[in-house]
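A.B. asks: Just so it is clear, I am handing over protein_6.pdb, which has PDB, C-alpha atoms and all ligand atoms.
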ATOM      1  CA  MET Y 253      28.759  10.163  -6.944
ATOM      2  CA  SER Y 254      30.169  13.701  -6.834
ATOM      3  CA  GLU Y 255      29.417  17.020  -8.451
ATOM      4  CA  THR Y 256      31.911  19.145 -10.420
ATOM      5  CA  ALA Y 257      30.971  22.564 -11.870
ATOM      6  CA  GLY Y 258      27.310  21.602 -12.072
ATOM      7  CA  LEU Y 259      27.998  18.205 -13.681
ATOM      8  CA  GLN Y 260      27.203  15.041 -11.808
ATOM      9  CA  ARG Y 261      30.054  12.525 -11.845
ATOM     10  CA  ILE Y 262      28.832   8.933 -11.926
ATOM     11  CA  ARG Y 263      31.052   5.879 -11.623
ATOM     12  CA  VAL Y 264      30.696   3.172 -14.273
ATOM     13  CA  GLU Y 265      30.057   0.624 -11.518
ATOM     14  CA  ASP Y 266      27.119   2.696 -10.254
ATOM     15  CA  LEU Y 267      25.691   2.983 -13.768
ATOM     16  CA  LEU Y 268      25.976  -0.754 -14.326
ATOM     17  CA  GLN Y 269      24.152  -1.458 -11.092
ATOM     18  CA  ARG Y 270      21.083   0.198 -12.608
ATOM     19  CA  ASP Y 271      20.996  -2.282 -15.463
ATOM     20  CA  SER Y 272      19.276  -5.621 -15.469
ATOM     21  CA  TRP Y 273      19.676  -8.829 -17.423
ATOM     22  CA  ASP Y 274      17.143 -11.257 -18.784
ATOM     23  CA  VAL Y 275      19.624 -13.996 -19.554
ATOM     24  CA  ASP Y 276      19.105 -15.901 -22.803
ATOM     25  CA  PRO Y 277      19.418 -19.610 -21.939
ATOM     26  CA  ARG Y 278      21.208 -20.031 -25.272
ATOM     27  CA  PRO Y 279      24.759 -18.619 -24.904
ATOM     28  CA  HIS Y 280      25.212 -15.842 -27.464
ATOM     29  CA  ILE Y 281      29.005 -16.160 -27.305
ATOM     30  CA  ARG Y 282      30.871 -19.405 -27.886
ATOM     31  CA  LEU Y 283      34.607 -19.993 -27.660
ATOM     32  CA  ASN Y 284      36.893 -22.351 -29.485
ATOM     33  CA  ALA Y 285      38.658 -23.930 -26.480
ATOM     34  CA  GLU Y 286      41.474 -25.296 -28.630
ATOM     35  CA  LYS Y 287      42.332 -21.832 -29.967
ATOM     36  CA  CYS Y 288      42.062 -20.317 -26.490
ATOM     37  CA  ALA Y 289      44.546 -22.877 -25.147
ATOM     38  CA  GLY Y 290      47.050 -21.721 -27.771
ATOM     39  CA  CYS Y 291      46.411 -18.010 -27.305
ATOM     40  CA  PRO Y 292      49.618 -16.378 -26.066
ATOM     41  CA  THR Y 293      48.278 -13.139 -24.588
ATOM     42  CA  LYS Y 294      44.613 -13.784 -23.745
ATOM     43  CA  PRO Y 295      43.552 -10.118 -24.043
ATOM     44  CA  CYS Y 296      39.920 -10.990 -23.348
ATOM     45  CA  THR Y 297      40.816 -11.491 -19.671
ATOM     46  CA  ARG Y 298      41.942  -7.851 -19.428
ATOM     47  CA  MET Y 299      39.633  -6.100 -21.886
ATOM     48  CA  CYS Y 300      36.166  -7.415 -21.092
ATOM     49  CA  PRO Y 301      34.549  -4.686 -18.969
ATOM     50  CA  ALA Y 302      32.239  -7.215 -17.352
ATOM     51  CA  GLY Y 303      34.987  -9.641 -16.364
ATOM     52  CA  CYS Y 304      33.359 -12.495 -18.267
ATOM     53  CA  TYR Y 305      36.721 -14.074 -19.113
ATOM     54  CA  VAL Y 306      38.909 -15.468 -16.335
ATOM     55  CA  GLU Y 307      42.103 -17.426 -16.769
ATOM     56  CA  ALA Y 308      42.368 -20.411 -14.466
ATOM     57  CA  GLY Y 309      45.210 -22.890 -14.729
ATOM     58  CA  GLY Y 310      45.995 -21.869 -18.303
ATOM     59  CA  SER Y 311      42.380 -22.313 -19.437
ATOM     60  CA  ILE Y 312      39.714 -19.695 -20.001
ATOM     61  CA  VAL Y 313      36.623 -19.844 -17.851
ATOM     62  CA  PHE Y 314      33.917 -17.876 -19.617
ATOM     63  CA  SER Y 315      30.469 -16.848 -18.413
ATOM     64  CA  TYR Y 316      28.198 -14.989 -20.799
ATOM     65  CA  GLU Y 317      25.453 -14.149 -18.302
ATOM     66  CA  GLY Y 318      26.819 -10.719 -17.307
ATOM     67  CA  CYS Y 319      27.827  -9.724 -20.851
ATOM     68  CA  LEU Y 320      27.307  -6.031 -21.699
ATOM     69  CA  GLU Y 321      27.118  -6.803 -25.443
ATOM     70  CA  CYS Y 322      29.890  -4.321 -26.183
ATOM     71  CA  GLY Y 323      31.692  -6.571 -28.682
ATOM     72  CA  THR Y 324      35.159  -5.785 -27.318
ATOM     73  CA  CYS Y 325      36.185  -9.431 -26.956
ATOM     74  CA  ARG Y 326      35.373 -10.091 -30.589
ATOM     75  CA  VAL Y 327      37.590  -7.200 -31.664
ATOM     76  CA  VAL Y 328      40.601  -7.934 -29.451
ATOM     77  CA  CYS Y 329      40.731 -11.723 -29.859
ATOM     78  CA  PRO Y 330      43.834 -12.442 -31.955
ATOM     79  CA  MET Y 331      42.806 -16.021 -32.782
ATOM     80  CA  GLU Y 332      39.282 -15.495 -34.158
ATOM     81  CA  ALA Y 333      38.181 -17.928 -31.482
ATOM     82  CA  ILE Y 334      34.928 -16.197 -30.615
ATOM     83  CA  GLU Y 335      31.597 -16.930 -32.224
ATOM     84  CA  TRP Y 336      29.599 -13.856 -31.272
ATOM     85  CA  ASP Y 337      25.935 -13.072 -31.694
ATOM     86  CA  TYR Y 338      23.388 -10.959 -29.863
ATOM     87  CA  PRO Y 339      20.987 -12.673 -27.461
ATOM     88  CA  VAL Y 340      17.545 -13.335 -28.917
ATOM     89  CA  SER Y 341      15.332 -10.252 -29.060
ATOM     90  CA  GLY Y 342      14.366  -8.913 -25.644
ATOM     91  CA  ARG Y 343      16.979 -10.974 -23.790
ATOM     92  CA  GLY Y 344      20.381  -9.979 -22.473
ATOM     93  CA  ILE Y 345      21.235  -6.672 -20.847
ATOM     94  CA  GLN Y 346      18.723  -3.906 -20.458
ATOM     95  CA  TYR Y 347      20.495  -0.588 -19.990
ATOM     96  CA  ARG Y 348      18.941   1.956 -17.679
ATOM     97  CA  THR Y 349      20.236   5.522 -17.608
ATOM     98  CA  ALA Y 350      18.056   6.793 -14.773
TER      99      ALA Y 350
HETATM  100  S1  LIG O   1      41.641 -13.643 -26.737
HETATM  101 FE1  LIG O   1      40.424 -15.073 -27.941
HETATM  102  S2  LIG O   1      41.703 -16.882 -28.259
HETATM  103 FE2  LIG O   1      42.629 -15.633 -26.641
HETATM  104  S3  LIG O   1      41.870 -16.580 -24.776
HETATM  105 FE3  LIG O   1      40.496 -14.872 -25.274
HETATM  106  S4  LIG O   1      38.847 -15.747 -26.500
HETATM  107 FE4  LIG O   1      40.504 -17.252 -26.414
HETATM  108  S1  LIG O   2      30.804  -8.472 -25.542
HETATM  109 FE1  LIG O   2      31.851  -7.115 -24.083
HETATM  110  S2  LIG O   2      30.955  -7.589 -22.097
HETATM  111 FE2  LIG O   2      30.374  -9.232 -23.479
HETATM  112  S3  LIG O   2      31.891 -10.816 -23.137
HETATM  113 FE3  LIG O   2      32.622  -9.554 -24.879
HETATM  114  S4  LIG O   2      33.896  -7.961 -23.975
HETATM  115 FE4  LIG O   2      32.726  -8.895 -22.327
END
Would you mind writing the structure in this file as C-alpha cells?

C.D. replies:
Amino acid sequence: MSETAGLQRIRVEDLLQRDSWDVDPRPHIRLNAEKCAGCPTKPCTRMCPAGCYVEAGGSIVFSYEGCLECGTCRVVCPMEAIEWDYPVSGRGIQYRTA
C-alpha cells in the first residue's frame, strides 16, 4: 500500500485477500470440453482475473472455487462453451472492502 496526494493506493491482490469464499459444492460454471478443445485462442486463460482457467497439454483445467463472479469468461468465450450461473444464495465470494 502507498499514499499519493491523500489517496491510499491499494493493490488488487491486497483487496482480494480481504475477501472470503463459501464455496457452493455445486459448480456454478460448467464448460463444454468438446468446444474448449476446438477453441483456437482460449481467451479465458488470459482474461479470468482469478486464474480459474489454465491450459495444460491443449486442454483446459478449470476450477470454479476461487471465482470472483465477474462474468468475464462468459463474455470473452468465442465458442459459447460456458454455462454460467451464480452460486446458490449466500455461497460463493463475499467481498470485503475494509
Ligand atoms: S474461451 Fe471458451 S471455448 Fe475457449 S477454452 Fe475458454 S471456455 Fe473453452
Ligand atoms: S466469472 Fe470471472 S472470476 Fe469467475 S471464472 Fe469467469 S472470469 Fe474467472

A.B. asks: At what distance in Å, to one decimal, does atom S3 of ligand LIG 2 (chain O) lie from atom CA of Y:Ile262?

C.D. replies: 22.9 Å

A.B. asks: Selection in question (the file shown): the PyMOL selection byres (((chain Y and resi 275) around 10) and not hetatm). Which residues does it include, as an MDAnalysis selection string?

C.D. replies: chainID Y and resid 272:274 276:280 316:319 339:340 342:345

A.B. asks: Residues near Y:Pro301, anyone? I mean within 12 Å using all atoms listed in the file, not counting same-chain ones fewer than 4 positions away, as a list in words.

C.D. replies: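 My list of contacting residues is Val264, Glu265, Leu268, Pro295, Cys296, Thr297, Tyr305, Val306, Gly318, Cys319, Leu320, Glu321, Cys322, Gly323, Thr324 and Cys325 of chain Y.
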
A.B. asks: To verify the selection step, state as a list in words which residues the PyMOL selection byres (((not hetatm)) within 7 of (chain O and resi 1)) yields on this input.

C.D. replies: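 Those residues are Leu283, Asn284, Ala285, Lys287, Cys288, Ala289, Cys291, Thr293, Lys294, Pro295, Cys296, Thr297, Ile312, Cys325, Val328, Cys329, Pro330, Met331, Glu332, Ala333 and Ile334 of chain Y.
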
A.B. asks: Mind dumping the selected residues with C-alpha atoms as an mmCIF file, in the frame of the given file?

C.D. replies:
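The resulting again.cif:
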data_model
loop_
_atom_site.group_PDB
_atom_site.id
_atom_site.type_symbol
_atom_site.label_atom_id
_atom_site.label_comp_id
_atom_site.auth_asym_id
_atom_site.auth_seq_id
_atom_site.Cartn_x
_atom_site.Cartn_y
_atom_site.Cartn_z
ATOM 1 C CA LEU Y 283 34.607 -19.993 -27.660
ATOM 2 C CA ASN Y 284 36.893 -22.351 -29.485
ATOM 3 C CA ALA Y 285 38.658 -23.930 -26.480
ATOM 4 C CA LYS Y 287 42.332 -21.832 -29.967
ATOM 5 C CA CYS Y 288 42.062 -20.317 -26.490
ATOM 6 C CA ALA Y 289 44.546 -22.877 -25.147
ATOM 7 C CA CYS Y 291 46.411 -18.010 -27.305
ATOM 8 C CA THR Y 293 48.278 -13.139 -24.588
ATOM 9 C CA LYS Y 294 44.613 -13.784 -23.745
ATOM 10 C CA PRO Y 295 43.552 -10.118 -24.043
ATOM 11 C CA CYS Y 296 39.920 -10.990 -23.348
ATOM 12 C CA THR Y 297 40.816 -11.491 -19.671
ATOM 13 C CA ILE Y 312 39.714 -19.695 -20.001
ATOM 14 C CA CYS Y 325 36.185 -9.431 -26.956
ATOM 15 C CA VAL Y 328 40.601 -7.934 -29.451
ATOM 16 C CA CYS Y 329 40.731 -11.723 -29.859
ATOM 17 C CA PRO Y 330 43.834 -12.442 -31.955
ATOM 18 C CA MET Y 331 42.806 -16.021 -32.782
ATOM 19 C CA GLU Y 332 39.282 -15.495 -34.158
ATOM 20 C CA ALA Y 333 38.181 -17.928 -31.482
ATOM 21 C CA ILE Y 334 34.928 -16.197 -30.615
#

A.B. asks: Report, in Å to a single decimal, how far apart atom CA of Y:Arg348 and atom CA of Y:Trp336 are.

C.D. replies: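 Separation between atom CA of Y:Trp336 and atom CA of Y:Arg348: 23.4 Å.
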
A.B. asks: Which residues are close to Y:Arg270, i.e. within 10 Å by all atoms listed in the file, leaving aside same-chain residues fewer than 6 positions away? Reply as a list in words.

C.D. replies: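 Skipping anything fewer than 6 positions along the chain leaves Gln346, Tyr347, Arg348, Thr349 and Ala350 of chain Y.
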
A.B. asks: In Å to one decimal, how far is atom CA of Y:Tyr338 from atom CA of Y:Gly290?

C.D. replies: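 Distance between the two atoms: 26.1 Å.
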
A.B. asks: Counting only C-alpha atoms and all ligand atoms, which of Y:Ser341, Y:Gln269, Y:Ser315, Y:Gln260 gets nearest to ligand LIG 2 (chain O)?

C.D. replies: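 Looking at the shortest contact to ligand LIG 2 (chain O), the residue is Y:Ser315.
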
A.B. asks: Draw an axis-aligned box over all listed atoms of stretch 261-279 of chain Y, pad each side with 5 Å, and write its centre and edge lengths in Å, one decimal, as JSON.

C.D. replies:
{"center_x": 24.1, "center_y": -3.8, "center_z": -17.8, "size_x": 23.9, "size_y": 42.6, "size_z": 25.0}

A.B. asks: From the set Y:Leu267, Y:Leu259, Y:Ala308, Y:Val327, which residue has the shortest atom-to-atom contact distance to ligand LIG 2 (chain O), counting only C-alpha atoms and all ligand atoms?

C.D. replies: Y:Val327

A.B. asks: Out of Y:Asp271, Y:Ala257, Y:Cys304, Y:Arg298, which residue has the shortest atom-to-atom distance to ligand LIG 2 (chain O) when counting all atoms listed in the file?

C.D. replies: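 Between Y:Asp271, Y:Ala257, Y:Cys304, Y:Arg298, the residue approaching ligand LIG 2 (chain O) most closely is Y:Cys304.
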